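Following: one structure in structure tokens, then a few remarks.
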Amino acid sequence: MIDQATIDAHGLTAGEYRRLVEILGRAPTITELGIFSVMWSEHCSYKSSRRHLRRFPTDGPRVLQGPGENAGAVDIGDGLAAVFKIESHNHPSFIEPYQGAATGVGGIIRDIFTMGARPIALLDSLRFGALEDEHGRSSVETVRLVDGVVAGIAGYGNSIGIPTVGGEVAFEPGYAGNPLVNVFCLGVAKADRLAKGVASGAGNPVYYVGARTGRDGIHGATMASAEFDEGSADNRPAVQVGDPFMEKLLLEACLEVMQTDALVGIQDMGAAGLTCSTCEMAARGGTGIDIDVSRVPQRETGMTPYEIMLSESQERMLLVVRRGREPEVEQVFDKWDLHAVRIGEVTGDGLLRVRDRGRMVAEIPTRELADGAPVYDRPTRYPAYLDEAQRLDESALPVPADLARTWLDLLAAPAIASKRWVYRQYDHMVRTNTVGLPGLGAGVVRIKGTGRALALSVDGNGRYAWLDPREGGRLAVAEAARNVACAGAAPIGATNCLNFGNPERPDIMWQFAEAVDGIAEGCRALGIPITGGNVSLYNETDGQAIYPTPVLGVVGLLDDAARVLTRIFPAAGLDVVLLGDPAGGLGGSEYLKRVHGLVRGRPAPVDFDREAALQRLVVDASRRGMLCSAHDCAEGGFAVALAECSIESGGVGASVDLPVLAGPNDRFGLLRTLFGEAPSRIIVSVTRAGQTELLARARDLGVPVAVIGRTGGDRVTVSLSGRVVADVAIEAAEHAWATGLARHFEPPAA
Amino acid sequence: MRTRVFVTLKPSVFDPQGRTIAAALGSLGYGSVRDVRQGKYFELDVDAETPAAARTLVSGIADRLLANPVIESYRVEVDDHGTEPS
Amino acid sequence: MRTRVFVTLKPSVFDPQGRTIAAALGSLGYGSVRDVRQGKYFELDVDAETPAAARTLVSGIADRLLANPVIESYRVEVDDHGTEPS
Amino acid sequence: MARSRPEAGRAVRFPPAPPRRAGAGMRPVKFAIIQFPGSNCDHDAYHAARYVLGQQAEFVWHKETGLRSADVVVLPGGFSYGDYLRTGAIARFSPVMQRVREFAATGGPVIGICNGFQVLLEAGFLEGALLRNRGLKFLCRHVHVRVEQTDTPFSCAASVGQVLKLPIAHGEGNFHAAPETAAALEANRQVVFRYCDAAGTVTGGGNPNGSLHEIAGVCNRRRNVVGLMPHPERACESALGSEDGRVVFESVVAAMAATGAA
Ligand SMILES: Nc1ncnc2c1ncn2[C@@H]1O[C@H](COP(=O)(O)OP(=O)(O)O)[C@@H](O)[C@H]1O
Ligand SMILES: [Mg+2]
């Protein structure tokens, strides 16, 4: 029988176990215990986060599917829906970087095509430990992880033929023992044909299709919810080898089946595999499901019902088919050399029944199992570190002697330097939709058959969130939306991935709650609904938590795909216009970290009225063809953003003059202007003809605006009130920027 | 000295390549092939005094670099022909 | 019956993977490694009456599918333990 | 030198220019796009042929045993059979390949792009092999190739020495051939495309993957079968950064018109 040690081994608390017994009205079988333990794990049940996530705005006129399904969906016109979501695969990627990242990509792609959408773009948001020490020497360990993770994402995404069109990569010591690998996928579906993960219609057959079931990740779902410690090495076989070829077949076959109306519901088997898919589909349909695990195709011999129900083997799908239409469905899968196997049927009694050669091994009410997980109101406490970390005495900092050198040094910082080494390993052009290439701003994919395009960006800044979790959430929303706006697209929907430490620690829980509030505020203020997301907790190694890291994925709509903007100055002789306030702050900045080795101060806050007006202005001006380029000021501040407008432009430099913002004795006014970070600032280039109208509109919308210079020459020069303060050759800037990241991975050219 | 390292996925780990090759062989009419597993094979030419020393050296290398202990296991073979004391 | 196939690049073909591993080993301090070549390794479980039949079968498969004769050569080994007439 | 992009916000043209229709009274050329399990540039080739070039196109599933009376056969890019074992190694046994062989034997134009090139090499339509890229990494970027030969159906509308900016996206595009084979390929003018720099100079610097003799694409002796690693179908619209790939498709349309087949 079930003893206390077995209950403990399943990670269930005494209260949870009591609840389970109450639901069943008896003691569980071992299979039932296993089923409850995975369904009620943090990973599947969101028991610590659920209360908080309710605060997100999830409604809007375009929302077709909010949180609760496999992915969210928004209306993009022409009868089409954009379906998207982000997922973390942090722990598996640390244990085995290549396969962990690869199977993460596989998982999020399944979430998208499960909705009946053809996946057309991927983005990856990556965080690792420091890449270099203070002398610029590579960290062997970080290099190994980055190399494996990037190759894994490439290996899966390239093979299945979905372009990876953007992402981000950050390096902070706090991620050394716990890298973050978040992957975003977007697909397009007919708006009126979104598939659902629902089992309805008693008597309808339940089909299993895809890879055979092995003893993979039997404790995967519970592993993703447990901290790392020295003993984690024992968890290793939990990592799996991804099979992108199988997934490609599944993707094509499932989309083909969905063309027919023979399908009632469909769901992938992700975390908690067959358990999760059966009980969630039944719970959504208000039905039951009766399956016999002996019919499940198996890869290994002697698997128990417990193992079959909990297996997390990749590349498997569960389908409910309309009775009488089985041959049609089977035929499609046959065409793709896949065998759809009937493993059971939908029932009317609301029970998940699991049999093994007819013998009943589990019988659980689906609704209680899926939705009855405990919801915790975990205590929160203001963290002890915070007051001290927020204190920044700028006057104690030495001012760098050579600002041009500092400028180049920032361009070479791994966080800022070109990510070419990463995205060139990704096929970012397959499907011939990529009209905004990675590296130039948001990734932009056109929607064939319409004139439209979608711009996509994922952003977050763990440093900001550590220094001020609420502001960090707000800033992530603002930045992701602004990146999309800079491509000329109006933000229409968002997803988020919340990467945090152990929620049982009140200071971590406080960070979490604050960040959620910040994201909710930001999305509400900008009118961007959240249609889904993912929570990854327990990101700690030996008690050391990562920076709290909310990552936002924002989708924007461009009505005219021909109007895509990039960061690049397209020609000499254009006016350079700064939209927004010139100066930023040094709190939490890349400058402070890179030059002074400090992570301190408070990040400059977002004024959402200002931010909304700015984004509206840029999108609108771009629609009217007034802008030639647009780039927001992010890490590294104004100076870095300006240089990035010239880098890769084919040699179009710029010379700008900013008003002095600070008093004559304020040495830091200069640094704040050049390298200070703040939201709501965009550098655009315009023709003379466009300029007048742009200025007028900016004033109407209350956006600060200044014509600060012109493009041209082969240098980038910044003056303050007529005095040159920093000046670099484009070639030097390009060199610093191009090699900053790549030099750690590529042997120096012989 | 010539050494060989065989790296294979651990038996419990699914081998998609082997499986795909097996399926292809099936449709090519090789019905008598029951199972295929694919691994990696390395030949290392090393300087070592004795076969035992070569084995120790190469096992260390396999551990550190050639095999991924999370999902793979390895086996080392040392060619001791011609290295007998003559 | 258990058979093994080793596929290696022909000596005349440059092996970028082997070269990269050799270079990495050099910088990890394994100076005594002179050369590394990487190949593929397959284990095929086949139904066959005799080791000789298994060898014929698997050599055919290696010829047709497992190795590309333009760049690769192969070697077949058959496990004949336990298949001796008892 | 500054890139000229005179029109504000008009960096890309979209939708693409209306398809060029074949001349009056001429029926459009019909492309058969072969779909192997794992092909993933099949739709891209279809889009280029059908919507950019305004020709006809049909998918042909690899288990089919006919080519639907197509004029041109395209083996598209992707990861047929996951690229497991070796790129193109399993796809070459697909039933449809027997028909493609017969089609090629009668002089029909066949092009293999990226994975399609790999399949043609494995199947023995073309000579040589493709190894892992010199840098061992998958590489997706624009490169330049120089048109070396214009007496193939896929290069006849180009001029010798013309430089094309085309994307590559592959992990195994490092062309290799035994010395005798390489010499024969050169002697018979079978090297159709060679990696070069933007100015058209064939130097090691323009070679992204270590290919022997900077070879990006070759043809068979009869010159009707062409394989190349770069993706012309990804470079047929200015919105995608280059229109240089069109000439490959336009060539075969012109070639078909010239032979009167179309
Ligand atoms: N991991 C990645 N994968 C793909 N593209 C990336 C990745 N990291 C960064 N990029 C691309 O590099 C560019 C710069 O990224 P980033 O420094 O985060 O700037 P920003 O968020 O301000 O656009 C963007 O176009 C981004 O999409
Ligand atoms: Mg960013």
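To be explicit about the labels: the chains of the structure tokens are called A, B, and onward in the order shown, and within each one the residues are counted from 1, while ligands get numbers from 1 in the order they are shown.
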Query raised in the report: Residues at most 8 Å from ligand 1, using only C-alpha atoms and all ligand atoms? Could they come as JSON, numbers by chain?
Result: {"A": [123, 124, 125, 126, 150, 164, 165, 166, 167, 168, 169, 415, 416, 417, 418, 419, 420, 422, 423, 426, 437, 438, 439, 440, 441, 442, 443, 457, 458, 459, 479, 480, 483, 631, 632, 633, 634, 635]}
Query - Near-stretch 41-57 of chain B list (7 Å; only C-alpha atoms; drop same-chain fewer than 5 positions) as number ranges by chain - result: B: 1-7, 76, 78, 80; C: 32-41
Based on the selection just made, write N, CA, C and O atoms of those residues as a compact mmCIF listing (two decimals), in the first residue's frame.
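Contents of the output file selection_2.txt:
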```txt
# COMPACT_ATOMS: atom_id res chain seq x y z
N MET B 1 50.00 5.25 -30.83
CA MET B 1 49.23 4.03 -30.70
C MET B 1 47.79 4.29 -31.16
O MET B 1 47.24 5.36 -30.91
N ARG B 2 47.21 3.35 -31.86
CA ARG B 2 45.88 3.51 -32.40
C ARG B 2 44.83 3.11 -31.36
O ARG B 2 44.89 2.00 -30.83
N THR B 3 43.93 4.01 -31.05
CA THR B 3 42.84 3.67 -30.12
C THR B 3 41.51 3.98 -30.78
O THR B 3 41.44 4.80 -31.70
N ARG B 4 40.49 3.32 -30.28
CA ARG B 4 39.15 3.54 -30.84
C ARG B 4 38.17 3.79 -29.70
O ARG B 4 38.25 3.14 -28.66
N VAL B 5 37.27 4.74 -29.92
CA VAL B 5 36.24 5.00 -28.92
C VAL B 5 34.88 4.87 -29.58
O VAL B 5 34.66 5.43 -30.67
N PHE B 6 34.02 4.12 -28.96
CA PHE B 6 32.65 3.97 -29.47
C PHE B 6 31.74 4.68 -28.51
O PHE B 6 31.77 4.40 -27.30
N VAL B 7 30.95 5.58 -29.01
CA VAL B 7 30.02 6.30 -28.14
C VAL B 7 28.61 5.94 -28.58
O VAL B 7 28.27 6.07 -29.76
N VAL B 76 36.20 1.94 -24.89
CA VAL B 76 37.51 2.23 -25.49
C VAL B 76 38.18 0.92 -25.89
O VAL B 76 38.13 -0.06 -25.15
N VAL B 78 41.99 -0.50 -27.42
CA VAL B 78 43.36 -0.12 -27.76
C VAL B 78 43.96 -1.21 -28.63
O VAL B 78 43.86 -2.40 -28.32
N ASP B 80 46.74 -3.25 -29.57
CA ASP B 80 48.07 -3.48 -29.04
C ASP B 80 48.96 -4.28 -29.96
O ASP B 80 50.05 -4.67 -29.61
N SER C 32 49.61 14.65 -26.26
CA SER C 32 50.05 13.36 -26.78
C SER C 32 49.08 12.78 -27.80
O SER C 32 49.28 11.68 -28.29
N VAL C 33 48.00 13.51 -28.09
CA VAL C 33 47.09 13.03 -29.12
C VAL C 33 47.57 13.55 -30.47
O VAL C 33 47.67 14.75 -30.68
N ARG C 34 47.92 12.64 -31.36
CA ARG C 34 48.47 13.07 -32.65
C ARG C 34 47.40 13.37 -33.67
O ARG C 34 47.55 14.27 -34.48
N ASP C 35 46.34 12.57 -33.64
CA ASP C 35 45.35 12.73 -34.70
C ASP C 35 44.03 12.14 -34.24
O ASP C 35 44.01 11.17 -33.48
N VAL C 36 42.94 12.74 -34.67
CA VAL C 36 41.61 12.23 -34.36
C VAL C 36 40.81 12.16 -35.65
O VAL C 36 40.84 13.09 -36.45
N ARG C 37 40.12 11.06 -35.84
CA ARG C 37 39.18 10.97 -36.97
C ARG C 37 37.85 10.54 -36.40
O ARG C 37 37.77 9.69 -35.52
N GLN C 38 36.79 11.19 -36.89
CA GLN C 38 35.47 10.82 -36.38
C GLN C 38 34.70 10.03 -37.43
O GLN C 38 34.73 10.37 -38.62
N GLY C 39 34.01 9.01 -37.00
CA GLY C 39 33.20 8.23 -37.92
C GLY C 39 31.86 7.90 -37.30
O GLY C 39 31.48 8.47 -36.28
N LYS C 40 31.15 6.99 -37.93
CA LYS C 40 29.85 6.58 -37.41
C LYS C 40 29.90 5.12 -37.04
O LYS C 40 30.68 4.35 -37.60
N TYR C 41 29.04 4.78 -36.14
CA TYR C 41 29.04 3.44 -35.60
C TYR C 41 27.59 2.98 -35.54
O TYR C 41 26.72 3.73 -35.08
```
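Here the question is which of A:Val293, A:Leu53, A:Ala478, A:Leu64 gets nearest to ligand 2 using only C-alpha atoms and all ligand atoms, and that residue is A:Ala478.
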Report task. Can you pull out every residue within 8 Å of stretch 141-145 of chain A, counting only C-alpha atoms, but drop anything in the same chain fewer than 6 positions away, and send it as a list in words? Result ->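 Within the cut-off, the hits are Phe94, Pro97, Phe128, Gly129, Ala130, Leu131, Ala176, His744 and Phe745 of chain A.
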Just-selected residues, N, CA and C atoms written as a JSON list (two decimals), in the first residue's frame:
```
[["chain", "number", "residue", "atom", "x", "y", "z"],
["A", 94, "PHE", "N", 20.02, 23.08, -18.74],
["A", 94, "PHE", "CA", 21.22, 23.11, -17.91],
["A", 94, "PHE", "C", 21.83, 21.72, -17.83],
["A", 97, "PRO", "N", 22.50, 20.79, -22.52],
["A", 97, "PRO", "CA", 22.14, 22.00, -23.28],
["A", 97, "PRO", "C", 21.53, 21.74, -24.65],
["A", 128, "PHE", "N", 22.47, 33.38, -19.64],
["A", 128, "PHE", "CA", 23.54, 32.52, -19.14],
["A", 128, "PHE", "C", 24.36, 33.27, -18.11],
["A", 129, "GLY", "N", 25.26, 32.53, -17.46],
["A", 129, "GLY", "CA", 26.21, 33.16, -16.55],
["A", 129, "GLY", "C", 27.16, 34.07, -17.32],
["A", 130, "ALA", "N", 28.05, 34.75, -16.59],
["A", 130, "ALA", "CA", 28.97, 35.68, -17.23],
["A", 130, "ALA", "C", 29.74, 34.98, -18.35],
["A", 131, "LEU", "N", 29.91, 35.67, -19.47],
["A", 131, "LEU", "CA", 30.63, 35.08, -20.60],
["A", 131, "LEU", "C", 32.12, 35.34, -20.47],
["A", 176, "ALA", "N", 24.54, 31.56, -13.83],
["A", 176, "ALA", "CA", 25.58, 30.57, -14.11],
["A", 176, "ALA", "C", 25.11, 29.14, -13.81],
["A", 744, "HIS", "N", 34.35, 34.87, -28.49],
["A", 744, "HIS", "CA", 34.40, 33.82, -27.49],
["A", 744, "HIS", "C", 34.12, 32.44, -28.07],
["A", 745, "PHE", "N", 33.60, 32.43, -29.28],
["A", 745, "PHE", "CA", 33.18, 31.16, -29.87],
["A", 745, "PHE", "C", 33.99, 30.76, -31.09]]
```
Report task. Would you mind listing what lies within 8 Å of stretch 470-476 of chain A as a ChimeraX atom specification, with only C-alpha atoms counted and same-chain residues fewer than 5 positions away left out? Result -> /A:459-462,464-465,511,514-522,550-552,603,605-606,679
Requested in this report: Give me, as a ChimeraX atom specification, the contact residues of chain B against chain D at a cut-off of 8 Å, counting only C-alpha atoms.
Outcome: /B:17,20-21,24,28
Query raised in the report: Can you tell me, as a PyMOL selection string, what residues are no more than 9 Å from stretch 37-49 of chain D when counting only C-alpha atoms, ignoring any on the same chain fewer than 2 positions away?
Result: (chain A and resi 159-162+244-246+248-249+336-337+430-432) or (chain D and resi 30-35+51-59+61-62+74-83+91+113+115-116+232-237+246+249)
**Report entry** DSSP alpha helix (DSSP H) residues within stretch 133-212 of chain D, listed as number ranges by chain
**Finding:** D: 179-187
Using N, CA, C and O atoms, can you export the residues from the last selection as a PDB file, in the first residue's frame?
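Once everything was written out, this is again.pdb:
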```pdb
ATOM      1  N   PRO D 179      40.129  13.939 -56.470  1.00  0.00           N
ATOM      2  CA  PRO D 179      40.866  14.799 -57.405  1.00  0.00           C
ATOM      3  C   PRO D 179      40.513  14.547 -58.871  1.00  0.00           C
ATOM      4  O   PRO D 179      40.309  15.495 -59.633  1.00  0.00           O
ATOM      5  N   GLU D 180      40.401  13.270 -59.267  1.00  0.00           N
ATOM      6  CA  GLU D 180      40.071  12.994 -60.685  1.00  0.00           C
ATOM      7  C   GLU D 180      38.689  13.539 -61.020  1.00  0.00           C
ATOM      8  O   GLU D 180      38.471  14.132 -62.080  1.00  0.00           O
ATOM      9  N   THR D 181      37.754  13.340 -60.077  1.00  0.00           N
ATOM     10  CA  THR D 181      36.389  13.810 -60.326  1.00  0.00           C
ATOM     11  C   THR D 181      36.374  15.325 -60.435  1.00  0.00           C
ATOM     12  O   THR D 181      35.742  15.902 -61.328  1.00  0.00           O
ATOM     13  N   ALA D 182      37.076  15.974 -59.502  1.00  0.00           N
ATOM     14  CA  ALA D 182      37.101  17.438 -59.520  1.00  0.00           C
ATOM     15  C   ALA D 182      37.691  17.933 -60.833  1.00  0.00           C
ATOM     16  O   ALA D 182      37.164  18.870 -61.457  1.00  0.00           O
ATOM     17  N   ALA D 183      38.751  17.276 -61.256  1.00  0.00           N
ATOM     18  CA  ALA D 183      39.390  17.703 -62.508  1.00  0.00           C
ATOM     19  C   ALA D 183      38.421  17.537 -63.671  1.00  0.00           C
ATOM     20  O   ALA D 183      38.314  18.401 -64.551  1.00  0.00           O
ATOM     21  N   ALA D 184      37.684  16.420 -63.664  1.00  0.00           N
ATOM     22  CA  ALA D 184      36.734  16.187 -64.744  1.00  0.00           C
ATOM     23  C   ALA D 184      35.597  17.212 -64.711  1.00  0.00           C
ATOM     24  O   ALA D 184      35.154  17.701 -65.752  1.00  0.00           O
ATOM     25  N   LEU D 185      35.147  17.542 -63.503  1.00  0.00           N
ATOM     26  CA  LEU D 185      34.075  18.541 -63.395  1.00  0.00           C
ATOM     27  C   LEU D 185      34.521  19.863 -64.010  1.00  0.00           C
ATOM     28  O   LEU D 185      33.772  20.532 -64.720  1.00  0.00           O
ATOM     29  N   GLU D 186      35.759  20.225 -63.743  1.00  0.00           N
ATOM     30  CA  GLU D 186      36.284  21.473 -64.300  1.00  0.00           C
ATOM     31  C   GLU D 186      36.459  21.345 -65.813  1.00  0.00           C
ATOM     32  O   GLU D 186      36.033  22.218 -66.576  1.00  0.00           O
ATOM     33  N   ALA D 187      37.063  20.240 -66.226  1.00  0.00           N
ATOM     34  CA  ALA D 187      37.354  20.082 -67.645  1.00  0.00           C
ATOM     35  C   ALA D 187      36.075  20.067 -68.473  1.00  0.00           C
ATOM     36  O   ALA D 187      36.028  20.614 -69.584  1.00  0.00           O
TER      37      ALA D 187
END
```
Report task. Compute the chain A side of the contact with chain B at 12 Å, counting only C-alpha atoms, and hand it back as a ChimeraX atom specification. Result -> /A:92-100,144,148,211-217,232-247,298-301,313-315,337-338
Query raised in the report: Just how far from atom CA of D:Ala123 is atom CA of C:Glu77, in Å to one decimal?
Result: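 Atom CA of D:Ala123 lies at a distance of 26.8 Å from atom CA of C:Glu77.
Distance check against ligand 2 using only C-alpha atoms and all ligand atoms: of A:Met39, A:Ala545, A:Ala170, A:Ile568, the minimum falls on A:Ala170.
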Query raised in the report: Mind listing as a list of chain:residue names which residues of chain A are within 6 Å of chain D, counting only C-alpha atoms?
Result: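 My answer is A:Ser159, A:Gly161, A:Phe245, A:Arg424, A:Gln425, A:Asp427, A:Arg431, A:Thr432, A:Val435, A:Ala562, A:Arg563, A:Pro570, A:Ala571, A:Gly625, A:Leu627, A:Cys628, A:Gly650, A:Gly651, A:Val652.
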Could you take the residues named above and write them with C-alpha atoms, as a short mmCIF file (atom, residue, chain, number, x, y, z; two decimals), in the first residue's frame?
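Dumped everything to out-v4.cif:
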```cif
data_model
loop_
_atom_site.label_atom_id
_atom_site.label_comp_id
_atom_site.auth_asym_id
_atom_site.auth_seq_id
_atom_site.Cartn_x
_atom_site.Cartn_y
_atom_site.Cartn_z
CA SER A 159 15.07 20.71 -39.30
CA GLY A 161 11.53 24.28 -41.10
CA PHE A 245 11.77 14.65 -38.05
CA ARG A 424 23.27 32.70 -38.30
CA GLN A 425 23.02 29.20 -36.89
CA ASP A 427 17.56 29.21 -40.49
CA ARG A 431 9.20 29.81 -45.59
CA THR A 432 10.19 33.02 -47.41
CA VAL A 435 10.85 40.65 -44.25
CA ALA A 562 6.11 46.98 -47.41
CA ARG A 563 6.46 49.51 -44.61
CA PRO A 570 19.33 53.95 -45.14
CA ALA A 571 21.12 56.89 -46.70
CA GLY A 625 5.70 56.69 -44.88
CA LEU A 627 10.12 57.45 -41.39
CA CYS A 628 13.23 55.97 -42.97
CA GLY A 650 27.02 50.19 -45.53
CA GLY A 651 28.82 53.13 -43.98
CA VAL A 652 26.17 55.77 -43.30
#
```
Query raised in the report: Out of A:Gly533, A:Leu186, A:Leu12, A:Ala481, which residue has the shortest atom-to-atom distance to ligand 2 when counting only C-alpha atoms and all ligand atoms?
Result: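 Smallest separation from ligand 2 among the options: A:Ala481.
Here atom CA of A:Ala621 and atom CA of A:Leu701 stand 11.9 Å from one another.
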